[in-house]
Amino acid sequence: VHLIPVNPIREDGLNPKSRKRIMPDLLTEPPAIDPVYEAHVYCNIPTIAERSMEGHAPHYFKLVSVQVLIRHGDRYPLYAIPKTKRPDIDCMLLPSRKPSHPQLEAFIKYMSKGSAAQMDGSLSSLPRYPSHSLCEMGELTQTGVVQHLRNGQLLREIYINKHKLLLSDWTAKQLYLETTGKSRTLQSALALLYTFLPDFDWKKINMRHQWSTIFCSGSCDCPMRNHYLEEEQRRQYSLRVKNNDLEEIYVDMAKIVGIPTRQLRASNPIDSLLCYFCHNISFPCTKTGCIGMEHFKVIKRHQLEDERERQEKKLYFLYALLATHPLLNQTVNRLQRIAEGKKEEVFVLYSAHDVTLSPVLSALGITEARFPRFAARLVFELWQDGKRPKEHFIRILYNGADVTFQTSFCKDYYKRSSKPMCPLEKFVNFVKRDMFLVFNSTSYYDACRRRPL
């Protein structure tokens, strides 16, 4: 039956008299993403004090363990835009220069005499803090150091001052510290630990080296993980080729700097442009013209569209499950040991990269999370129920926001329970069993080798 409206329908789809919506909301476009706002969030410039939900629980719950996974702080670009002057950023630490931190000066002094620490392999040869008057590629900046001094201070106020997770006589055995072999991740870890620990003592710092950016340790052989990563890279390429605005912007930028478009794309200009943007430096110019905010916006907008499609297409999710299982399995095993009464490794710090955090968020099912900003932190808290001491619960927090009930394994529990946290066994079952269901497998080894149907 075709119903003919009596009143004229306005362009916005509303009947002026009845005000009933003709078009259902389901068909409306998602709100446009503001690339400049998202870039500001990514930069994470230290300004106002951050509010966080870490350490919140009913008074009868006891905090027994905290595991933190961080991305390194603000860094100098890893790529240079050919034929342009590199961004002029000083990587010397100067307490008088903004952004600064009340403990920056003490941090520099303490780091300069760090001989007693135990550092795995190549870590001992890395500098403990940035110190070049012109930053080297990928080097942590002063902003990056300050971001993690603030992270450490925030976590100290909650976990040390309030919950007494570590006492003043803490021992090396109570910590587990691991970092990749880059100076920016080691320095980020040291900055956080300096303001976090009750009393920073080099003799108690035992930093392990992780050669893999996905922290897969001795379980890195996984052919299907590589298969899904290759499929995901094909999807990325396909989306990029379809974006005419992006192609025009690359052609225009390539003309400005006087190189072939292909070469400009290979130099990953967004990495370099984000550095100019985060440090409030004008984008580079040549005799032919200047790279401007419009170029930046189009490339950043495409990056955000890519993240959105990545969530929908699920290839990255399949990669993420296999990529992060070794790390999540290590996390779960440690939480179980502590729940059984072990007093070791109650505070864990993994210092890593965006390519570490991003798949962990995806594997856990936290699809609402933004791409990991500089100095992002993902925290796993283990709590003991004081009324039923054998019962343990976890909370998961991302940049201070409680995301426990966004996880795939605790969404349904939240609807049925009045508890403010997720039972530890839900997390254990997810990592030990449910992670492999989508691959029609029962183990990591099998899922890594089973070809999709």
# chains A, B, ... in the order shown; residues from 1 in each chain; ligands from 1

$ residues_around --residues "A:Glu340" --least-positions-apart "6" --cutoff "10 Å" --atoms "only C-alpha atoms" --output "number ranges by chain"
A: 334, 390, 392

$ select_by_dssp --residues "stretch 284-313 of chain A" --states "alpha helix (DSSP H)" --output "list in words"
Met293, Glu294, His295, Phe296, Lys297, Val298, Ile299, Lys300, Arg301, His302, Gln303, Leu304, Glu305, Asp306, Glu307, Arg308, Glu309, Arg310, Gln311, Glu312 and Lys313 of chain A

$ closest_atom_pairs --of "stretch 73-160 of chain A" --to "stretch 278-285 of chain A" --cutoff "10 Å" --atoms "only C-alpha atoms" --output "CSV"
residue,atom,partner,partner_atom,distance
A:Asp74,CA,A:Cys278,CA,8.7
A:Ile81,CA,A:Pro284,CA,8.9
A:Lys83,CA,A:Pro284,CA,9.7
A:Thr84,CA,A:Pro284,CA,6.3
A:Lys85,CA,A:Pro284,CA,6.9
A:Arg86,CA,A:Pro284,CA,8.3
A:Pro87,CA,A:Ile281,CA,7.6
A:Asp88,CA,A:Ile281,CA,8.4
A:Ile89,CA,A:His279,CA,8.2
A:Thr143,CA,A:His279,CA,9.1

$ residues_around --residues "A:Ile249" --least-positions-apart "5" --cutoff "9 Å" --atoms "only C-alpha atoms" --output "number ranges by chain"
A: 244, 254, 294-296, 298-299

$ closest_atom_pairs --of "stretch 55-114 of chain A" --to "stretch 194-199 of chain A" --cutoff "12 Å" --atoms "only C-alpha atoms" --output "JSON lines"
{"residue": "A:Val68", "atom": "CA", "partner": "A:Phe196", "partner_atom": "CA", "distance": 12.0}
{"residue": "A:His101", "atom": "CA", "partner": "A:Thr195", "partner_atom": "CA", "distance": 10.5}
{"residue": "A:Pro102", "atom": "CA", "partner": "A:Thr195", "partner_atom": "CA", "distance": 10.3}
{"residue": "A:Gln103", "atom": "CA", "partner": "A:Thr195", "partner_atom": "CA", "distance": 7.7}
{"residue": "A:Leu104", "atom": "CA", "partner": "A:Thr195", "partner_atom": "CA", "distance": 9.6}
{"residue": "A:Glu105", "atom": "CA", "partner": "A:Tyr194", "partner_atom": "CA", "distance": 11.8}
{"residue": "A:Ala106", "atom": "CA", "partner": "A:Tyr194", "partner_atom": "CA", "distance": 9.4}
{"residue": "A:Phe107", "atom": "CA", "partner": "A:Tyr194", "partner_atom": "CA", "distance": 6.9}
{"residue": "A:Ile108", "atom": "CA", "partner": "A:Tyr194", "partner_atom": "CA", "distance": 10.3}
{"residue": "A:Lys109", "atom": "CA", "partner": "A:Tyr194", "partner_atom": "CA", "distance": 11.5}
{"residue": "A:Tyr110", "atom": "CA", "partner": "A:Tyr194", "partner_atom": "CA", "distance": 8.9}
{"residue": "A:Met111", "atom": "CA", "partner": "A:Tyr194", "partner_atom": "CA", "distance": 9.2}
{"residue": "A:Gly114", "atom": "CA", "partner": "A:Tyr194", "partner_atom": "CA", "distance": 11.9}

$ write_last_selection --atoms "all heavy atoms" --output "short mmCIF file (atom, residue, chain, number, x, y, z; two decimals), in the first residue's frame"
data_model
loop_
_atom_site.label_atom_id
_atom_site.label_comp_id
_atom_site.auth_asym_id
_atom_site.auth_seq_id
_atom_site.Cartn_x
_atom_site.Cartn_y
_atom_site.Cartn_z
N VAL A 68 50.58 -3.17 33.71
CA VAL A 68 50.44 -1.99 32.86
C VAL A 68 51.17 -2.21 31.53
O VAL A 68 52.33 -2.61 31.52
CB VAL A 68 51.01 -0.73 33.56
CG1 VAL A 68 50.78 0.52 32.72
CG2 VAL A 68 50.39 -0.56 34.94
N HIS A 101 57.99 19.13 34.23
CA HIS A 101 57.41 18.37 35.35
C HIS A 101 58.24 18.67 36.59
O HIS A 101 59.47 18.80 36.49
CB HIS A 101 57.45 16.86 35.02
CG HIS A 101 56.72 16.02 36.02
ND1 HIS A 101 57.29 15.58 37.19
CD2 HIS A 101 55.45 15.54 36.01
CE1 HIS A 101 56.40 14.87 37.87
NE2 HIS A 101 55.28 14.82 37.18
N PRO A 102 57.61 18.77 37.77
CA PRO A 102 58.37 19.09 38.99
C PRO A 102 59.53 18.15 39.26
O PRO A 102 60.51 18.53 39.90
CB PRO A 102 57.31 18.97 40.11
CG PRO A 102 55.99 19.14 39.42
CD PRO A 102 56.16 18.65 38.02
N GLN A 103 59.45 16.91 38.77
CA GLN A 103 60.52 15.95 39.05
C GLN A 103 61.47 15.72 37.86
O GLN A 103 62.30 14.81 37.90
CB GLN A 103 59.91 14.62 39.50
CG GLN A 103 59.39 14.69 40.94
CD GLN A 103 58.67 13.43 41.36
OE1 GLN A 103 57.47 13.32 41.22
NE2 GLN A 103 59.41 12.47 41.87
N LEU A 104 61.34 16.55 36.84
CA LEU A 104 62.18 16.35 35.66
C LEU A 104 63.66 16.53 35.98
O LEU A 104 64.51 15.73 35.57
CB LEU A 104 61.75 17.31 34.53
CG LEU A 104 62.56 17.20 33.23
CD1 LEU A 104 62.48 15.79 32.63
CD2 LEU A 104 62.06 18.22 32.19
N GLU A 105 63.98 17.55 36.75
CA GLU A 105 65.39 17.82 37.08
C GLU A 105 65.99 16.65 37.88
O GLU A 105 67.09 16.16 37.58
CB GLU A 105 65.50 19.12 37.88
CG GLU A 105 66.93 19.62 37.98
CD GLU A 105 67.00 21.05 38.51
OE1 GLU A 105 65.95 21.67 38.76
OE2 GLU A 105 68.14 21.52 38.68
N ALA A 106 65.25 16.18 38.88
CA ALA A 106 65.73 15.05 39.69
C ALA A 106 65.85 13.79 38.83
O ALA A 106 66.80 13.00 39.00
CB ALA A 106 64.77 14.81 40.85
N PHE A 107 64.93 13.61 37.90
CA PHE A 107 64.96 12.46 36.99
C PHE A 107 66.25 12.46 36.17
O PHE A 107 66.94 11.44 36.06
CB PHE A 107 63.73 12.50 36.08
CG PHE A 107 63.77 11.50 34.94
CD1 PHE A 107 63.54 10.15 35.17
CD2 PHE A 107 64.03 11.91 33.63
CE1 PHE A 107 63.57 9.23 34.13
CE2 PHE A 107 64.07 11.00 32.59
CZ PHE A 107 63.84 9.66 32.83
N ILE A 108 66.62 13.63 35.61
CA ILE A 108 67.84 13.74 34.78
C ILE A 108 69.07 13.37 35.62
O ILE A 108 69.92 12.59 35.20
CB ILE A 108 67.99 15.17 34.21
CG1 ILE A 108 66.79 15.53 33.33
CG2 ILE A 108 69.28 15.30 33.40
CD1 ILE A 108 66.65 17.03 33.05
N LYS A 109 69.12 13.92 36.85
CA LYS A 109 70.29 13.65 37.72
C LYS A 109 70.38 12.16 38.03
O LYS A 109 71.46 11.57 37.98
CB LYS A 109 70.14 14.44 39.03
CG LYS A 109 70.59 15.89 38.92
CD LYS A 109 70.52 16.57 40.27
CE LYS A 109 70.78 18.08 40.11
NZ LYS A 109 70.19 18.85 41.20
N TYR A 110 69.26 11.56 38.37
CA TYR A 110 69.27 10.15 38.77
C TYR A 110 69.62 9.25 37.59
O TYR A 110 70.36 8.28 37.72
CB TYR A 110 67.91 9.76 39.35
CG TYR A 110 68.03 8.66 40.37
CD1 TYR A 110 68.08 8.94 41.73
CD2 TYR A 110 68.12 7.32 39.98
CE1 TYR A 110 68.21 7.93 42.68
CE2 TYR A 110 68.26 6.30 40.93
CZ TYR A 110 68.30 6.62 42.26
OH TYR A 110 68.44 5.62 43.18
N MET A 111 69.09 9.58 36.42
CA MET A 111 69.34 8.74 35.23
C MET A 111 70.81 8.79 34.82
O MET A 111 71.34 7.85 34.25
CB MET A 111 68.47 9.19 34.05
CG MET A 111 67.00 8.87 34.20
SD MET A 111 66.64 7.11 34.40
CE MET A 111 65.88 7.09 36.01
N GLY A 114 73.07 5.83 36.48
CA GLY A 114 72.38 4.54 36.56
C GLY A 114 73.24 3.35 36.20
O GLY A 114 73.01 2.71 35.19
#

$ closest_residue --among "A:Thr141, A:Gln236, A:Gln406, A:Asn399" --to "A:Arg310" --atoms "only C-alpha atoms"
A:Gln236

$ residues_around --residues "stretch 427-432 of chain A" --least-positions-apart "5" --cutoff "9 Å" --atoms "only C-alpha atoms" --output "list in words"
His325, Leu328, Asn329, Val332, Asn333, Gln336, Leu364, Ile394, Ser408, Phe409, Cys410, Cys422, Thr442, Ser443 and Tyr444 of chain A

$ write_last_selection --atoms "C-alpha atoms" --output "CSV table (one decimal), in the first residue's frame"
chain,number,residue,atom,x,y,z
A,325,HIS,CA,47.7,-14.6,22.7
A,328,LEU,CA,47.7,-12.3,27.2
A,329,ASN,CA,48.5,-15.9,28.2
A,332,VAL,CA,46.6,-14.6,32.8
A,333,ASN,CA,49.1,-17.1,34.2
A,336,GLN,CA,46.3,-16.8,38.5
A,364,LEU,CA,39.9,-8.0,23.9
A,394,ILE,CA,39.7,-8.0,37.2
A,408,SER,CA,33.9,-9.5,24.5
A,409,PHE,CA,34.2,-11.9,27.5
A,410,CYS,CA,32.5,-9.6,30.1
A,422,CYS,CA,34.7,-9.1,35.9
A,442,THR,CA,41.2,-25.5,20.8
A,443,SER,CA,44.8,-24.3,21.1
A,444,TYR,CA,47.1,-21.5,20.0

$ atom_distance --atom1 "atom CA of A:Pro130" --atom2 "atom CA of A:Leu378"
24.3 Å

$ residues_around --residues "A:Asn268" --least-positions-apart "6" --cutoff "12 Å" --atoms "only C-alpha atoms" --output "ChimeraX atom specification"
/A:77-82,250,261-262,274,299-300,303

$ write_last_selection --atoms "C-alpha atoms" --output "PDB file, in the first residue's frame"
ATOM      1  CA  PRO A  77      59.415  10.946  13.381  1.00  0.00           C
ATOM      2  CA  LEU A  78      60.643   7.599  12.085  1.00  0.00           C
ATOM      3  CA  TYR A  79      60.413   8.845   8.483  1.00  0.00           C
ATOM      4  CA  ALA A  80      61.478  12.060   6.772  1.00  0.00           C
ATOM      5  CA  ILE A  81      59.611  13.809   3.969  1.00  0.00           C
ATOM      6  CA  PRO A  82      62.240  13.894   1.181  1.00  0.00           C
ATOM      7  CA  TYR A 250      49.636  13.036  -2.496  1.00  0.00           C
ATOM      8  CA  THR A 261      54.120  10.558  -5.845  1.00  0.00           C
ATOM      9  CA  ARG A 262      55.093   6.956  -5.172  1.00  0.00           C
ATOM     10  CA  LEU A 274      52.046  14.630  13.073  1.00  0.00           C
ATOM     11  CA  ILE A 299      45.641  12.202   5.150  1.00  0.00           C
ATOM     12  CA  LYS A 300      44.556  12.113   8.812  1.00  0.00           C
ATOM     13  CA  GLN A 303      43.771   7.214   8.578  1.00  0.00           C
TER      14      GLN A 303
END

$ closest_residue --among "A:Ala375, A:Leu349, A:Leu315, A:Val257" --to "A:Leu149" --atoms "only C-alpha atoms"
A:Ala375

$ closest_atom_pairs --of "stretch 360-440 of chain A" --to "stretch 39-63 of chain A" --cutoff "8 Å" --atoms "only C-alpha atoms" --output "tab-separated table"
residue	atom	partner	partner_atom	distance
A:Phe371	CA	A:Tyr42	CA	7.9
A:Pro372	CA	A:Tyr42	CA	7.3
A:Arg373	CA	A:Tyr42	CA	4.3
A:Phe374	CA	A:Cys43	CA	6.1
A:Ala375	CA	A:Asn44	CA	7.6
A:Glu381	CA	A:Leu63	CA	7.3
A:Leu382	CA	A:Leu63	CA	6.1
A:Trp383	CA	A:Leu63	CA	4.5
A:Gln384	CA	A:Lys62	CA	5.1
A:Asp385	CA	A:Phe61	CA	4.8
A:Gly386	CA	A:Tyr60	CA	5.1
A:Lys387	CA	A:Tyr60	CA	6.9
A:Leu397	CA	A:Glu54	CA	6.9
A:Asn399	CA	A:Ser52	CA	7.5
A:Gly400	CA	A:Ser52	CA	4.1
A:Ala401	CA	A:Met53	CA	5.8
A:Asp402	CA	A:Met53	CA	6.3
A:Pro420	CA	A:Ala57	CA	7.4

$ residues_around --residues "A:Ser183" --least-positions-apart "3" --cutoff "7 Å" --atoms "only C-alpha atoms" --output "list of chain:residue names"
A:Leu126, A:Pro127, A:Leu186, A:Gln187

$ write_last_selection --atoms "C-alpha atoms" --output "PDB file, in the first residue's frame"
ATOM      1  CA  LEU A 126      70.984   2.297  25.343  1.00  0.00           C
ATOM      2  CA  PRO A 127      70.887   5.854  26.751  1.00  0.00           C
ATOM      3  CA  LEU A 186      63.308   1.970  27.687  1.00  0.00           C
ATOM      4  CA  GLN A 187      63.319   5.701  28.515  1.00  0.00           C
TER       5      GLN A 187
END

$ atom_distance --atom1 "atom CA of A:Leu166" --atom2 "atom CA of A:Val346"
8.2 Å

$ atom_distance --atom1 "atom CA of A:Asp446" --atom2 "atom CA of A:Thr324"
15.3 Å

$ residues_around --residues "A:Ile396" --least-positions-apart "5" --cutoff "6 Å" --atoms "only C-alpha atoms" --output "PyMOL selection string"
chain A and resi 379-380+403-404

$ decode --residues "stretch 405-419 of chain A" --atoms "all heavy atoms" --output "tab-separated table (two decimals), in the first residue's frame"
chain	number	residue	atom	x	y	z
A	405	PHE	N	33.76	-3.73	30.80
A	405	PHE	CA	32.52	-4.32	30.27
A	405	PHE	C	32.33	-4.04	28.77
A	405	PHE	O	31.29	-4.35	28.21
A	405	PHE	CB	31.33	-3.86	31.10
A	405	PHE	CG	31.42	-4.35	32.52
A	405	PHE	CD1	31.52	-3.47	33.58
A	405	PHE	CD2	31.45	-5.72	32.79
A	405	PHE	CE1	31.64	-3.93	34.88
A	405	PHE	CE2	31.56	-6.19	34.10
A	405	PHE	CZ	31.65	-5.29	35.15
A	406	GLN	N	33.36	-3.47	28.15
A	406	GLN	CA	33.37	-3.42	26.68
A	406	GLN	C	34.02	-4.68	26.11
A	406	GLN	O	33.90	-4.96	24.93
A	406	GLN	CB	34.15	-2.19	26.20
A	406	GLN	CG	33.46	-0.87	26.46
A	406	GLN	CD	34.30	0.31	25.99
A	406	GLN	OE1	35.04	0.21	25.01
A	406	GLN	NE2	34.21	1.43	26.68
A	407	THR	N	34.72	-5.44	26.97
A	407	THR	CA	35.43	-6.62	26.48
A	407	THR	C	34.44	-7.70	26.06
A	407	THR	O	33.35	-7.81	26.63
A	407	THR	CB	36.35	-7.21	27.56
A	407	THR	OG1	35.55	-7.58	28.69
A	407	THR	CG2	37.42	-6.22	27.99
A	408	SER	N	34.82	-8.48	25.05
A	408	SER	CA	33.92	-9.51	24.52
A	408	SER	C	33.56	-10.55	25.59
A	408	SER	O	32.47	-11.09	25.58
A	408	SER	CB	34.57	-10.20	23.32
A	408	SER	OG	35.82	-10.73	23.68
A	409	PHE	N	34.47	-10.81	26.54
A	409	PHE	CA	34.23	-11.88	27.51
A	409	PHE	C	33.46	-11.41	28.75
A	409	PHE	O	33.06	-12.22	29.58
A	409	PHE	CB	35.55	-12.53	27.94
A	409	PHE	CG	36.58	-11.56	28.45
A	409	PHE	CD1	36.64	-11.22	29.78
A	409	PHE	CD2	37.50	-10.99	27.57
A	409	PHE	CE1	37.59	-10.32	30.24
A	409	PHE	CE2	38.45	-10.09	28.02
A	409	PHE	CZ	38.50	-9.75	29.36
A	410	CYS	N	33.24	-10.08	28.89
A	410	CYS	CA	32.52	-9.63	30.08
A	410	CYS	C	31.29	-8.78	29.78
A	410	CYS	O	30.64	-8.30	30.69
A	410	CYS	CB	33.45	-8.89	31.02
A	410	CYS	SG	33.40	-9.64	32.66
A	411	LYS	N	30.98	-8.60	28.50
A	411	LYS	CA	29.79	-7.81	28.14
A	411	LYS	C	28.52	-8.40	28.75
A	411	LYS	O	27.73	-7.70	29.36
A	411	LYS	CB	29.64	-7.81	26.61
A	411	LYS	CG	30.31	-6.63	25.93
A	411	LYS	CD	30.00	-6.63	24.46
A	411	LYS	CE	30.77	-5.51	23.77
A	411	LYS	NZ	31.23	-5.86	22.45
A	412	ASP	N	28.32	-9.69	28.55
A	412	ASP	CA	27.08	-10.33	29.00
A	412	ASP	C	27.00	-10.42	30.52
A	412	ASP	O	25.93	-10.29	31.10
A	412	ASP	CB	26.94	-11.74	28.40
A	412	ASP	CG	26.75	-11.67	26.89
A	412	ASP	OD1	26.34	-10.59	26.41
A	412	ASP	OD2	27.02	-12.67	26.20
A	413	TYR	N	28.14	-10.64	31.15
A	413	TYR	CA	28.18	-10.74	32.62
A	413	TYR	C	27.66	-9.44	33.23
A	413	TYR	O	26.93	-9.45	34.22
A	413	TYR	CB	29.60	-11.03	33.08
A	413	TYR	CG	29.76	-11.07	34.58
A	413	TYR	CD1	29.37	-12.21	35.28
A	413	TYR	CD2	30.25	-10.00	35.30
A	413	TYR	CE1	29.49	-12.27	36.67
A	413	TYR	CE2	30.37	-10.03	36.67
A	413	TYR	CZ	29.99	-11.18	37.36
A	413	TYR	OH	30.11	-11.22	38.73
A	414	TYR	N	28.03	-8.34	32.63
A	414	TYR	CA	27.66	-7.02	33.15
A	414	TYR	C	26.13	-6.87	33.20
A	414	TYR	O	25.58	-6.30	34.13
A	414	TYR	CB	28.27	-5.95	32.24
A	414	TYR	CG	27.91	-4.54	32.63
A	414	TYR	CD1	28.23	-4.05	33.89
A	414	TYR	CD2	27.28	-3.69	31.73
A	414	TYR	CE1	27.91	-2.75	34.25
A	414	TYR	CE2	26.96	-2.38	32.08
A	414	TYR	CZ	27.28	-1.92	33.34
A	414	TYR	OH	26.97	-0.64	33.69
A	415	LYS	N	25.46	-7.41	32.18
A	415	LYS	CA	23.99	-7.29	32.11
A	415	LYS	C	23.30	-8.08	33.22
A	415	LYS	O	22.23	-7.74	33.66
A	415	LYS	CB	23.49	-7.78	30.75
A	415	LYS	CG	23.93	-6.91	29.58
A	415	LYS	CD	23.63	-7.58	28.26
A	415	LYS	CE	24.32	-6.86	27.11
A	415	LYS	NZ	24.34	-7.65	25.89
A	416	ARG	N	23.96	-9.16	33.68
A	416	ARG	CA	23.30	-10.06	34.63
A	416	ARG	C	23.74	-9.86	36.08
A	416	ARG	O	23.12	-10.38	36.98
A	416	ARG	CB	23.59	-11.53	34.26
A	416	ARG	CG	23.09	-11.96	32.90
A	416	ARG	CD	23.15	-13.48	32.78
A	416	ARG	NE	24.42	-14.05	33.21
A	416	ARG	CZ	25.46	-14.22	32.40
A	416	ARG	NH1	25.37	-13.88	31.13
A	416	ARG	NH2	26.57	-14.74	32.85
A	417	SER	N	24.85	-9.16	36.27
A	417	SER	CA	25.43	-9.11	37.63
A	417	SER	C	25.46	-7.70	38.18
A	417	SER	O	25.54	-6.73	37.45
A	417	SER	CB	26.85	-9.67	37.58
A	417	SER	OG	27.51	-9.40	38.78
A	418	SER	N	25.43	-7.63	39.50
A	418	SER	CA	25.54	-6.31	40.15
A	418	SER	C	26.99	-6.00	40.53
A	418	SER	O	27.29	-4.93	41.02
A	418	SER	CB	24.68	-6.31	41.42
A	418	SER	OG	25.13	-7.34	42.29
A	419	LYS	N	27.90	-6.95	40.32
A	419	LYS	CA	29.31	-6.74	40.67
A	419	LYS	C	29.92	-5.66	39.77
A	419	LYS	O	29.65	-5.62	38.57
A	419	LYS	CB	30.11	-8.03	40.50
A	419	LYS	CG	29.72	-9.12	41.49
A	419	LYS	CD	30.48	-8.99	42.79
A	419	LYS	CE	30.21	-10.19	43.68
A	419	LYS	NZ	30.74	-10.01	45.02
